[in-house]
$ cat entry.pdb   # PDB, C-alpha atoms
ATOM      1  CA  MET A1195       2.611  32.340  19.477
ATOM      2  CA  PRO A1196       3.452  36.117  19.288
ATOM      3  CA  THR A1197       6.988  37.256  18.613
ATOM      4  CA  THR A1198       8.151  40.735  19.588
ATOM      5  CA  VAL A1199      11.017  42.709  18.129
ATOM      6  CA  THR A1200      12.820  45.386  20.129
ATOM      7  CA  ALA A1201      15.788  47.573  19.249
ATOM      8  CA  ARG A1202      18.464  48.592  21.729
ATOM      9  CA  SER A1203      21.085  51.265  21.076
ATOM     10  CA  CYS A1204      24.647  50.647  22.192
ATOM     11  CA  PRO A1205      27.880  52.501  21.403
ATOM     12  CA  GLY A1206      28.828  51.618  17.844
ATOM     13  CA  ASN A1207      26.028  49.106  17.159
ATOM     14  CA  VAL A1208      22.329  48.336  17.415
ATOM     15  CA  ARG A1209      20.956  45.034  18.714
ATOM     16  CA  LEU A1210      17.664  43.617  17.497
ATOM     17  CA  CYS A1211      16.176  41.319  20.114
ATOM     18  CA  LEU A1212      13.558  38.818  18.930
ATOM     19  CA  CYS A1213      11.751  37.314  21.888
ATOM     20  CA  ASN A1214       9.383  34.351  21.557
ATOM     21  CA  ARG A1215       7.136  34.219  24.630
ATOM     22  CA  PRO A1216       6.563  32.448  26.955
ATOM     23  CA  ARG A1217       9.821  30.507  26.636
ATOM     24  CA  SER A1218      11.676  33.848  26.488
ATOM     25  CA  ARG A1219      14.152  32.639  23.922
ATOM     26  CA  SER A1220      15.809  35.502  22.079
ATOM     27  CA  VAL A1221      18.060  36.020  19.115
ATOM     28  CA  ARG A1222      20.340  39.120  19.013
ATOM     29  CA  LEU A1223      21.401  40.470  15.645
ATOM     30  CA  VAL A1224      24.293  42.900  15.946
ATOM     31  CA  VAL A1225      24.623  45.566  13.248
ATOM     32  CA  LYS A1226      27.712  47.728  13.501
ATOM     33  CA  ALA A1227      27.600  51.423  12.681
ATOM     34  CA  THR A1228      30.099  53.378  10.619
ATOM     35  CA  GLN A1229      32.584  55.781  12.182
ATOM     36  CA  ASP A1230      30.189  58.736  11.840
ATOM     37  CA  GLY A1231      27.397  56.878  13.607
ATOM     38  CA  HIS A1232      25.376  55.914  10.505
ATOM     39  CA  PHE A1233      24.509  52.437   9.274
ATOM     40  CA  SER A1234      25.317  51.115   5.842
ATOM     41  CA  ARG A1235      22.526  49.886   3.567
ATOM     42  CA  ARG A1236      24.114  46.441   3.502
ATOM     43  CA  SER A1237      24.004  46.175   7.296
ATOM     44  CA  ALA A1238      20.426  47.384   7.475
ATOM     45  CA  LEU A1239      19.283  45.018   4.735
ATOM     46  CA  LEU A1240      21.066  42.098   6.393
ATOM     47  CA  ALA A1241      19.476  42.853   9.738
ATOM     48  CA  SER A1242      15.961  43.141   8.340
ATOM     49  CA  SER A1243      16.301  39.929   6.322
ATOM     50  CA  LEU A1244      17.592  37.925   9.266
ATOM     51  CA  ALA A1245      14.861  39.317  11.488
ATOM     52  CA  ALA A1246      12.140  38.341   9.001
ATOM     53  CA  MET A1247      13.565  34.825   8.620
ATOM     54  CA  THR A1248      13.749  34.334  12.367
ATOM     55  CA  ILE A1249      10.176  35.521  12.899
ATOM     56  CA  SER A1250       8.923  33.250  10.097
ATOM     57  CA  ASN A1251      10.733  30.188  11.449
ATOM     58  CA  ALA A1252       9.489  30.867  14.955
ATOM     59  CA  SER A1253       5.854  30.792  13.765
ATOM     60  CA  ILE A1254       6.095  27.475  11.862
ATOM     61  CA  THR A1255       5.061  24.338  13.730
ATOM     62  CA  PRO A1256       6.015  21.161  11.824
ATOM     63  CA  ALA A1257       3.262  18.576  11.470
ATOM     64  CA  PRO A1258       3.942  15.276  13.209
ATOM     65  CA  ALA A1259       4.946  12.411  10.903
ATOM     66  CA  GLN A1260       2.510   9.509  10.654
ATOM     67  CA  ALA A1261       3.717   6.166   9.330
ATOM     68  CA  SER A1262       2.696   2.739  10.515
ATOM     69  CA  LEU A1263       1.449  -0.650   9.377
ATOM     70  CA  LEU A1264      -2.202  -0.649   8.424
ATOM     71  CA  ARG A1265      -4.449  -2.476  10.863
ATOM     72  CA  PHE A1266      -7.313  -4.740   9.801
ATOM     73  CA  PRO A1267     -10.219  -4.341   9.546
ATOM     74  CA  ALA A1268     -10.310  -0.726   8.362
ATOM     75  CA  ASN A1269     -13.162   1.722   7.730
ATOM     76  CA  SER A1270     -11.083   4.549   6.224
ATOM     77  CA  LEU A1271      -8.048   4.861   3.952
ATOM     78  CA  ASN A1272      -6.096   7.777   2.517
ATOM     79  CA  ASN A1273      -6.558   6.578  -1.077
ATOM     80  CA  THR A1274      -9.041   4.787  -3.308
ATOM     81  CA  TYR A1275      -7.883   1.302  -4.306
ATOM     82  CA  TYR A1276      -8.811  -0.957  -7.193
ATOM     83  CA  LEU A1277      -7.965  -4.653  -7.260
ATOM     84  CA  VAL A1278      -6.959  -5.775 -10.747
ATOM     85  CA  ARG A1279      -6.071  -9.304 -11.685
ATOM     86  CA  ALA A1280      -3.764  -9.604 -14.668
ATOM     87  CA  GLY A1281      -5.108 -11.085 -17.869
ATOM     88  CA  LEU A1282      -4.822 -14.789 -18.527
ATOM     89  CA  SER A1283      -1.179 -15.882 -18.762
ATOM     90  CA  VAL A1284       0.312 -18.484 -21.081
ATOM     91  CA  SER A1285       0.842 -20.930 -18.200
ATOM     92  CA  GLU A1286      -2.748 -20.489 -16.989
ATOM     93  CA  GLU A1287      -4.047 -21.032 -20.499
ATOM     94  CA  ARG A1288      -2.038 -24.280 -20.649
ATOM     95  CA  ASN A1289      -3.420 -25.289 -17.208
ATOM     96  CA  ILE A1290       0.049 -25.401 -15.598
ATOM     97  CA  THR A1291       0.731 -24.319 -12.001
ATOM     98  CA  LEU A1292       3.772 -21.997 -11.982
ATOM     99  CA  THR A1293       4.365 -20.103  -8.732
ATOM    100  CA  ASN A1294       8.151 -20.290  -8.363
ATOM    101  CA  PRO A1295       9.525 -16.711  -8.542
ATOM    102  CA  VAL A1296      12.218 -17.897 -10.943
ATOM    103  CA  TRP A1297       9.568 -18.020 -13.693
ATOM    104  CA  LYS A1298       7.851 -14.702 -13.048
ATOM    105  CA  THR A1299       9.697 -12.673 -15.682
ATOM    106  CA  GLY A1300       9.693 -15.477 -18.260
ATOM    107  CA  GLY A1301       7.567 -15.604 -21.376
ATOM    108  CA  ILE A1302       5.448 -18.477 -20.094
ATOM    109  CA  CYS A1303       4.160 -16.180 -17.341
ATOM    110  CA  GLY A1304       3.393 -13.403 -19.817
ATOM    111  CA  LEU A1305      -0.028 -12.531 -21.216
ATOM    112  CA  SER A1306      -1.585 -14.902 -23.695
ATOM    113  CA  ARG A1307      -3.561 -13.559 -26.650
ATOM    114  CA  THR A1308      -6.720 -14.236 -24.670
ATOM    115  CA  GLY A1309      -5.263 -12.287 -21.737
ATOM    116  CA  ILE A1310      -4.521  -9.263 -23.917
ATOM    117  CA  GLN A1311      -8.106  -9.245 -25.176
ATOM    118  CA  GLN A1312      -9.376  -9.495 -21.593
ATOM    119  CA  ILE A1313      -7.510  -6.326 -20.643
ATOM    120  CA  ILE A1314      -8.844  -4.396 -23.629
ATOM    121  CA  ASN A1315     -12.417  -5.697 -23.617
ATOM    122  CA  GLU A1316     -13.038  -6.228 -19.882
ATOM    123  CA  THR A1317     -10.534  -4.452 -17.644
ATOM    124  CA  LEU A1318     -10.533  -1.053 -19.331
ATOM    125  CA  PRO A1319     -14.342  -0.726 -19.600
ATOM    126  CA  ALA A1320     -14.703  -1.857 -15.973
ATOM    127  CA  LEU A1321     -12.259   0.810 -14.783
ATOM    128  CA  LYS A1322     -14.167   3.507 -16.655
ATOM    129  CA  GLU A1323     -17.474   2.266 -15.254
ATOM    130  CA  LEU A1324     -16.051   2.444 -11.720
ATOM    131  CA  GLY A1325     -14.748   5.976 -12.319
ATOM    132  CA  ALA A1326     -11.140   4.974 -11.764
ATOM    133  CA  CYS A1327      -8.221   7.021 -13.089
ATOM    134  CA  GLU A1328     -10.393   9.962 -14.210
ATOM    135  CA  ASP A1329      -7.810  12.362 -12.794
ATOM    136  CA  GLY A1330      -4.846  10.029 -13.174
ATOM    137  CA  CYS A1331      -3.824   7.063 -11.051
ATOM    138  CA  TRP A1332      -0.878   4.992  -9.898
ATOM    139  CA  LEU A1333      -0.380   1.477 -11.231
ATOM    140  CA  TRP A1334       1.299  -0.956  -8.826
ATOM    141  CA  PRO A1335       1.918  -4.214 -10.717
ATOM    142  CA  SER A1336       3.911  -7.248  -9.701
ATOM    143  CA  ILE A1337       6.967  -7.646 -11.893
ATOM    144  CA  THR A1338       5.507 -11.003 -12.932
ATOM    145  CA  SER A1339       5.247 -10.695 -16.709
ATOM    146  CA  SER A1340       1.463 -10.929 -16.978
ATOM    147  CA  ALA A1341       0.885  -8.266 -14.306
ATOM    148  CA  TYR A1342       3.474  -5.830 -15.644
ATOM    149  CA  GLN A1343       2.256  -6.262 -19.223
ATOM    150  CA  THR A1344      -1.269  -5.572 -17.967
ATOM    151  CA  ALA A1345      -0.019  -2.329 -16.423
ATOM    152  CA  GLU A1346       1.678  -1.312 -19.657
ATOM    153  CA  ILE A1347      -1.517  -1.831 -21.674
ATOM    154  CA  LEU A1348      -3.580   0.107 -19.121
ATOM    155  CA  ALA A1349      -1.079   2.986 -19.025
ATOM    156  CA  SER A1350      -1.096   3.206 -22.805
ATOM    157  CA  GLN A1351      -4.896   3.227 -23.080
ATOM    158  CA  LEU A1352      -5.398   5.604 -20.131
ATOM    159  CA  ILE A1353      -2.755   8.041 -21.446
ATOM    160  CA  LEU A1354      -0.548   7.657 -18.377
ATOM    161  CA  GLY A1355       3.213   8.199 -18.378
ATOM    162  CA  ARG A1356       5.489   5.306 -17.553
ATOM    163  CA  ASN A1357       6.396   7.147 -14.360
ATOM    164  CA  ARG A1358       2.927   6.156 -13.152
ATOM    165  CA  ILE A1359       3.884   2.474 -13.223
ATOM    166  CA  VAL A1360       5.498   1.459  -9.922
ATOM    167  CA  PRO A1361       6.831  -2.120 -10.179
ATOM    168  CA  GLU A1362       6.508  -4.200  -7.022
ATOM    169  CA  TYR A1363       9.265  -6.779  -6.748
ATOM    170  CA  SER A1364       8.029  -9.222  -4.094
ATOM    171  CA  PHE A1365       4.895  -8.248  -2.129
ATOM    172  CA  LEU A1366       2.565  -8.909  -5.099
ATOM    173  CA  ASP A1367       4.148 -12.205  -6.171
ATOM    174  CA  LYS A1368       1.986 -15.245  -6.803
ATOM    175  CA  ARG A1369       1.203 -17.332  -3.756
ATOM    176  CA  GLY A1370       3.862 -20.048  -3.532
ATOM    177  CA  LEU A1371       2.296 -23.515  -3.696
ATOM    178  CA  GLY A1372       5.272 -25.724  -2.820
ATOM    179  CA  ASP A1373       5.174 -29.256  -4.170
ATOM    180  CA  LEU A1374       1.975 -28.508  -6.111
ATOM    181  CA  GLU A1375       4.163 -26.780  -8.685
ATOM    182  CA  ASP A1376       3.775 -28.033 -12.282
ATOM    183  CA  LEU A1377       0.550 -29.924 -11.535
ATOM    184  CA  PRO A1378      -2.703 -29.213 -13.436
ATOM    185  CA  LEU A1379      -3.886 -25.777 -12.338
ATOM    186  CA  ASP A1380      -7.596 -26.565 -12.043
ATOM    187  CA  GLN A1381      -6.940 -29.515  -9.721
ATOM    188  CA  VAL A1382      -4.492 -27.513  -7.609
ATOM    189  CA  GLU A1383      -6.900 -24.604  -7.178
ATOM    190  CA  GLN A1384      -9.641 -26.925  -5.935
ATOM    191  CA  GLN A1385      -7.288 -28.679  -3.510
ATOM    192  CA  VAL A1386      -6.006 -25.356  -2.146
ATOM    193  CA  ALA A1387      -9.528 -23.943  -1.778
ATOM    194  CA  ASP A1388     -10.644 -26.982   0.248
ATOM    195  CA  ALA A1389      -7.613 -26.710   2.552
ATOM    196  CA  ASP A1390      -7.938 -22.938   3.011
ATOM    197  CA  ARG A1391     -11.536 -23.317   4.209
ATOM    198  CA  LEU A1392     -10.268 -25.486   7.060
ATOM    199  CA  ASP A1393      -7.377 -23.311   8.227
ATOM    200  CA  ALA A1394      -6.021 -19.976   6.973
ATOM    201  CA  ARG A1395      -2.594 -21.060   8.257
ATOM    202  CA  TRP A1396      -2.481 -24.165   6.068
ATOM    203  CA  ARG A1397       0.598 -24.385   3.861
ATOM    204  CA  PRO A1398       1.212 -26.768   0.957
ATOM    205  CA  THR A1399       3.954 -29.332   1.450
ATOM    206  CA  PRO A1400       7.390 -27.809   0.703
ATOM    207  CA  GLY A1401       8.786 -28.677  -2.695
ATOM    208  CA  THR A1402      12.342 -29.563  -3.675
ATOM    209  CA  ASP A1403      12.879 -26.851  -6.302
ATOM    210  CA  GLY A1404      12.800 -23.792  -4.027
ATOM    211  CA  THR A1405       9.151 -22.886  -4.663
ATOM    212  CA  PRO A1406       7.750 -21.095  -1.585
ATOM    213  CA  ASN A1407       4.877 -22.775   0.268
ATOM    214  CA  GLU A1408       2.631 -20.042   1.654
ATOM    215  CA  SER A1409      -0.544 -19.937   3.690
ATOM    216  CA  MET A1410      -3.188 -17.253   3.284
ATOM    217  CA  THR A1411      -1.857 -15.691   6.478
ATOM    218  CA  ASP A1412       1.554 -15.407   4.800
ATOM    219  CA  VAL A1413      -0.047 -13.775   1.773
ATOM    220  CA  LEU A1414      -1.836 -11.249   3.982
ATOM    221  CA  VAL A1415       1.467 -10.277   5.618
ATOM    222  CA  ARG A1416       2.774  -9.270   2.185
ATOM    223  CA  MET A1417      -0.388  -7.363   1.304
ATOM    224  CA  ARG A1418      -0.307  -5.476   4.593
ATOM    225  CA  GLN A1419       3.203  -4.332   3.721
ATOM    226  CA  VAL A1420       2.324  -3.042   0.265
ATOM    227  CA  ILE A1421      -0.824  -1.151   1.259
ATOM    228  CA  SER A1422       0.986   0.374   4.241
ATOM    229  CA  ILE A1423       3.570   1.747   1.797
ATOM    230  CA  THR A1424       0.986   3.325  -0.499
ATOM    231  CA  GLU A1425      -0.985   4.712   2.451
ATOM    232  CA  THR A1426       2.070   6.648   3.638
ATOM    233  CA  GLN A1427       3.271   7.571   0.129
ATOM    234  CA  TYR A1428       0.062   8.962  -1.413
ATOM    235  CA  ALA A1429      -3.050  10.837  -0.306
ATOM    236  CA  GLY A1430      -6.284  11.242  -2.234
ATOM    237  CA  GLU A1431      -5.041   9.145  -5.177
ATOM    238  CA  ASP A1432      -6.428   6.243  -7.172
ATOM    239  CA  VAL A1433      -4.114   3.234  -6.785
ATOM    240  CA  LEU A1434      -4.410   0.010  -8.803
ATOM    241  CA  PHE A1435      -2.905  -3.165  -7.348
ATOM    242  CA  ILE A1436      -2.273  -5.485 -10.301
ATOM    243  CA  SER A1437      -1.719  -9.069  -9.182
ATOM    244  CA  PRO A1438      -0.881 -12.179 -11.243
ATOM    245  CA  ASP A1439      -3.200 -14.322  -9.114
ATOM    246  CA  SER A1440      -6.348 -13.965  -7.038
ATOM    247  CA  TYR A1441      -4.965 -14.910  -3.618
ATOM    248  CA  ASN A1442      -3.303 -11.534  -2.998
ATOM    249  CA  LEU A1443      -6.457  -9.602  -3.821
ATOM    250  CA  SER A1444      -8.940 -11.810  -1.976
ATOM    251  CA  ALA A1445      -6.759 -11.818   1.157
ATOM    252  CA  LEU A1446      -6.609  -8.022   1.230
ATOM    253  CA  GLN A1447     -10.342  -7.616   0.636
ATOM    254  CA  ALA A1448     -11.318 -10.100   3.341
ATOM    255  CA  ALA A1449      -8.972  -8.476   5.862
ATOM    256  CA  LEU A1450     -10.252  -4.948   5.149
ATOM    257  CA  LEU A1451     -13.815  -6.095   5.822
ATOM    258  CA  GLY A1452     -12.836  -8.007   8.961
ATOM    259  CA  ILE A1453     -13.782 -11.409   7.521
ATOM    260  CA  ASP A1454     -12.066 -14.641   8.501
ATOM    261  CA  LEU A1455      -9.416 -15.522   5.922
ATOM    262  CA  ARG A1456     -10.874 -19.009   5.609
ATOM    263  CA  PHE A1457     -13.625 -17.384   3.552
ATOM    264  CA  HIS A1458     -11.323 -15.372   1.289
ATOM    265  CA  SER A1459     -12.479 -17.318  -1.792
ATOM    266  CA  GLN A1460     -15.755 -15.376  -1.635
ATOM    267  CA  PHE A1461     -13.702 -12.476  -3.036
ATOM    268  CA  ALA A1462     -11.863 -14.422  -5.731
ATOM    269  CA  VAL A1463     -10.985 -12.337  -8.792
ATOM    270  CA  ARG A1464     -10.876 -13.947 -12.231
ATOM    271  CA  PRO A1465      -8.272 -12.971 -14.867
ATOM    272  CA  GLY A1466      -8.909  -9.477 -16.232
ATOM    273  CA  GLN A1467     -11.476  -8.602 -13.551
ATOM    274  CA  VAL A1468     -11.488  -5.329 -11.582
ATOM    275  CA  ARG A1469     -13.013  -4.608  -8.184
ATOM    276  CA  ARG A1470     -12.987  -1.533  -6.035
ATOM    277  CA  LEU A1471     -11.521  -2.270  -2.609
ATOM    278  CA  GLN A1472     -14.366  -2.128  -0.089
ATOM    279  CA  LEU A1473     -14.006  -0.822   3.442
ATOM    280  CA  SER A1474     -15.730  -1.975   6.586
ATOM    281  CA  ASP A1475     -18.845   0.020   7.444
ATOM    282  CA  ARG A1476     -18.483  -0.799  11.144
ATOM    283  CA  SER A1477     -16.533   1.098  13.771
ATOM    284  CA  PHE A1478     -14.087  -0.994  15.735
ATOM    285  CA  ASP A1479     -11.541  -0.853  18.519
ATOM    286  CA  ASP A1480      -8.077  -1.449  17.038
ATOM    287  CA  ARG A1481      -6.235  -1.388  20.348
ATOM    288  CA  PRO A1482      -4.134  -4.507  21.116
ATOM    289  CA  ARG A1483      -6.103  -7.224  22.889
ATOM    290  CA  GLN A1484      -5.070  -9.922  25.319
ATOM    291  CA  VAL A1485      -6.689 -13.331  25.612
ATOM    292  CA  ALA A1486      -6.051 -15.632  28.549
ATOM    293  CA  CYS A1487      -4.778 -19.029  27.435
ATOM    294  CA  PRO A1488      -3.426 -21.534  29.979
ATOM    295  CA  ASP A1489      -2.037 -23.799  27.243
ATOM    296  CA  PRO A1490      -0.796 -21.613  24.313
ATOM    297  CA  PRO A1491      -0.307 -24.473  21.793
ATOM    298  CA  GLN A1492      -4.020 -25.256  22.090
ATOM    299  CA  CYS A1493      -5.073 -21.644  21.467
ATOM    300  CA  ARG A1494      -3.906 -21.191  17.884
ATOM    301  CA  GLY A1495      -7.449 -21.110  16.545
ATOM    302  CA  LEU A1496      -8.776 -18.826  19.283
ATOM    303  CA  SER A1497     -10.337 -15.675  17.859
ATOM    304  CA  VAL A1498      -9.240 -12.470  19.561
ATOM    305  CA  SER A1499     -11.395 -10.054  17.582
ATOM    306  CA  PRO A1500     -15.195 -10.271  17.286
ATOM    307  CA  ALA A1501     -14.934  -8.322  14.022
ATOM    308  CA  PHE A1502     -13.570 -11.400  12.217
ATOM    309  CA  ALA A1503     -16.554 -13.533  11.347
ATOM    310  CA  PRO A1504     -17.884 -15.522   8.399
ATOM    311  CA  PRO A1505     -19.422 -13.330   5.672
ATOM    312  CA  THR A1506     -23.175 -12.850   5.728
ATOM    313  CA  GLY A1507     -24.070 -10.568   2.817
ATOM    314  CA  LEU A1508     -21.299 -10.529   0.236
ATOM    315  CA  PRO A1509     -21.280  -8.433  -2.925
ATOM    316  CA  PRO A1510     -21.385 -10.246  -6.259
TER     317      PRO A1510
END
$ encode --input "entry.pdb" --output "structure tokens"
Amino acid sequence: MPTTVTARSCPGNVRLCLCNRPRSRSVRLVVKATQDGHFSRRSALLASSLAAMTISNASITPAPAQASLLRFPANSLNNTYYLVRAGLSVSEERNITLTNPVWKTGGICGLSRTGIQQIINETLPALKELGACEDGCWLWPSITSSAYQTAEILASQLILGRNRIVPEYSFLDKRGLGDLEDLPLDQVEQQVADADRLDARWRPTPGTDGTPNESMTDVLVRMRQVISITETQYAGEDVLFISPDSYNLSALQAALLGIDLRFHSQFAVRPGQVRRLQLSDRSFDDRPRQVACPDPPQCRGLSVSPAFAPPTGLPP
């Protein structure tokens, strides 16, 4: 929008009028003359500087801010994401289920010797093969010991400063398994997988020690929060989500592709494994939808989006 500058002479001063059309807003800068009718250098310099600043500010249009929760499925993101599962922890090696947050910074949830070797021999080569972190990247680990230790090893080997490690305090926690805590891990994982295939809202029975009991829908709520943060914080960056379990990563991948969460186990990630987060290759309408339901309690399983369907051709 053009801005015009005009000068008007008045007894003892000069007024500079900056007019910004078509709103006809103007700013008048008054510069007083000396007794003999001349202007001092200070006054002239002040007037010219203020005029330049006003013209510059008038021509700048601030870009609108964009920040919102990410909607699923999605066919475009601002960043490139890699899903990294932490190396094998001591508790996993001992076949113990530990999901209570009280344990997450303890030594039993730290990397085992096998887990350390997985990061060096599997995770790092996989990242290089995928082309991740070639121009730097951001590491977002859970503060669970195994995940954070994984991030520290990766940062050291990829020559990244510690400022590139962004600890996540809750959104990337292990899925809480309620009263299944302390039971043999292999049996628990099979029981949970069978229940998840029936209903993504299934929760384990609450325990008595404060361990959360979460469904896959609950897990997805957390993952939506964390990816919405990184989407509004970075642009054009490589971001690594480092999770102590597979549930966080498989929930996010299924949701991005528009696949029913009951089939999230198709995207399970083993300890030390890396996958690039895949996007949907289909266009979709993400506007809110309404579904008629005369008896709401009976409509909990009603699908409101045709994009959510069982997987047909899944990657290995």
$ atom_distance --input "entry.pdb" --atom1 "CA of Ala1462 in chain A" --atom2 "CA of Glu1316 in chain A"
16.4 Å
$ resolve_selection --input "entry.pdb" --expression "the PyMOL selection byres ((chain A and resi 1275-1283) around 8)" --output "mmCIF file with C-alpha atoms, keeping the file's coordinate frame"
data_model
loop_
_atom_site.group_PDB
_atom_site.id
_atom_site.type_symbol
_atom_site.label_atom_id
_atom_site.label_comp_id
_atom_site.auth_asym_id
_atom_site.auth_seq_id
_atom_site.Cartn_x
_atom_site.Cartn_y
_atom_site.Cartn_z
ATOM 1 C CA ASN A 1273 -6.558 6.578 -1.077
ATOM 2 C CA THR A 1274 -9.041 4.787 -3.308
ATOM 3 C CA VAL A 1284 0.312 -18.484 -21.081
ATOM 4 C CA SER A 1285 0.842 -20.930 -18.200
ATOM 5 C CA GLU A 1286 -2.748 -20.489 -16.989
ATOM 6 C CA GLU A 1287 -4.047 -21.032 -20.499
ATOM 7 C CA ILE A 1302 5.448 -18.477 -20.094
ATOM 8 C CA CYS A 1303 4.160 -16.180 -17.341
ATOM 9 C CA GLY A 1304 3.393 -13.403 -19.817
ATOM 10 C CA LEU A 1305 -0.028 -12.531 -21.216
ATOM 11 C CA SER A 1306 -1.585 -14.902 -23.695
ATOM 12 C CA THR A 1308 -6.720 -14.236 -24.670
ATOM 13 C CA GLY A 1309 -5.263 -12.287 -21.737
ATOM 14 C CA ILE A 1310 -4.521 -9.263 -23.917
ATOM 15 C CA GLN A 1312 -9.376 -9.495 -21.593
ATOM 16 C CA ILE A 1313 -7.510 -6.326 -20.643
ATOM 17 C CA THR A 1317 -10.534 -4.452 -17.644
ATOM 18 C CA ALA A 1326 -11.140 4.974 -11.764
ATOM 19 C CA SER A 1340 1.463 -10.929 -16.978
ATOM 20 C CA ALA A 1341 0.885 -8.266 -14.306
ATOM 21 C CA THR A 1344 -1.269 -5.572 -17.967
ATOM 22 C CA ASP A 1432 -6.428 6.243 -7.172
ATOM 23 C CA VAL A 1433 -4.114 3.234 -6.785
ATOM 24 C CA LEU A 1434 -4.410 0.010 -8.803
ATOM 25 C CA PHE A 1435 -2.905 -3.165 -7.348
ATOM 26 C CA ILE A 1436 -2.273 -5.485 -10.301
ATOM 27 C CA SER A 1437 -1.719 -9.069 -9.182
ATOM 28 C CA PRO A 1438 -0.881 -12.179 -11.243
ATOM 29 C CA ASP A 1439 -3.200 -14.322 -9.114
ATOM 30 C CA SER A 1440 -6.348 -13.965 -7.038
ATOM 31 C CA LEU A 1443 -6.457 -9.602 -3.821
ATOM 32 C CA VAL A 1463 -10.985 -12.337 -8.792
ATOM 33 C CA ARG A 1464 -10.876 -13.947 -12.231
ATOM 34 C CA PRO A 1465 -8.272 -12.971 -14.867
ATOM 35 C CA GLY A 1466 -8.909 -9.477 -16.232
ATOM 36 C CA GLN A 1467 -11.476 -8.602 -13.551
ATOM 37 C CA VAL A 1468 -11.488 -5.329 -11.582
ATOM 38 C CA ARG A 1469 -13.013 -4.608 -8.184
ATOM 39 C CA ARG A 1470 -12.987 -1.533 -6.035
ATOM 40 C CA LEU A 1471 -11.521 -2.270 -2.609
#
$ closest_residue --input "entry.pdb" --among "A:Ala1429, A:Leu1239, A:Leu1450, A:Ile1290" --to "Gln1381 in chain A" --atoms "all atoms listed in the file"
A:Ile1290
$ closest_residue --input "entry.pdb" --among "A:Asp1393, A:Glu1362, A:Asp1329, A:Glu1431" --to "Thr1411 in chain A" --atoms "only C-alpha atoms"
A:Asp1393
$ atom_distance --input "entry.pdb" --atom1 "CA of Thr1293 in chain A" --atom2 "CA of Thr1405 in chain A"
6.9 Å
$ resolve_selection --input "entry.pdb" --expression "the PyMOL selection byres ((chain A and resi 1452) around 7)" --output "number ranges by chain"
A: 1266-1267, 1448-1451, 1453-1454, 1501-1502
$ resolve_selection --input "entry.pdb" --expression "the PyMOL selection byres ((chain A and resi 1269) around 6)" --output "PDB file with C-alpha atoms, in the frame of the given file"
ATOM      1  CA  ALA A1268     -10.310  -0.726   8.362  1.00  0.00           C
ATOM      2  CA  SER A1270     -11.083   4.549   6.224  1.00  0.00           C
ATOM      3  CA  LEU A1473     -14.006  -0.822   3.442  1.00  0.00           C
ATOM      4  CA  SER A1474     -15.730  -1.975   6.586  1.00  0.00           C
ATOM      5  CA  ASP A1475     -18.845   0.020   7.444  1.00  0.00           C
TER       6      ASP A1475
END
$ residues_around --input "entry.pdb" --residues "range 1374-1379 of chain A" --least-positions-apart "3" --cutoff "7 Å" --atoms "only C-alpha atoms" --output "JSON, numbers by chain"
{"A": [1289, 1290, 1291, 1292, 1293, 1371, 1382, 1383]}
$ closest_residue --input "entry.pdb" --among "A:Asp1388, A:Asp1367, A:Glu1408, A:Asp1373" --to "Ser1339 in chain A" --atoms "only C-alpha atoms"
A:Asp1367
$ atom_distance --input "entry.pdb" --atom1 "CA of Gln1351 in chain A" --atom2 "CA of Ser1336 in chain A"
19.1 Å
$ closest_residue --input "entry.pdb" --among "A:Gly1325, A:Gly1401, A:Gly1430, A:Gly1370" --to "Asn1442 in chain A" --atoms "all atoms listed in the file"
A:Gly1370
$ residues_around --input "entry.pdb" --residues "Arg1358 in chain A" --least-positions-apart "3" --cutoff "7 Å" --atoms "only C-alpha atoms" --output "VMD selection string"
chain A and resid 1332 to 1333 1354 to 1355
$ closest_residue --input "entry.pdb" --among "A:Ile1347, A:Leu1352, A:Ser1459, A:Pro1361" --to "Gln1384 in chain A" --atoms "all atoms listed in the file"
A:Ser1459
$ closest_residue --input "entry.pdb" --among "A:Val1360, A:Cys1327, A:Val1420, A:Gly1372" --to "Arg1397 in chain A" --atoms "only C-alpha atoms"
A:Gly1372
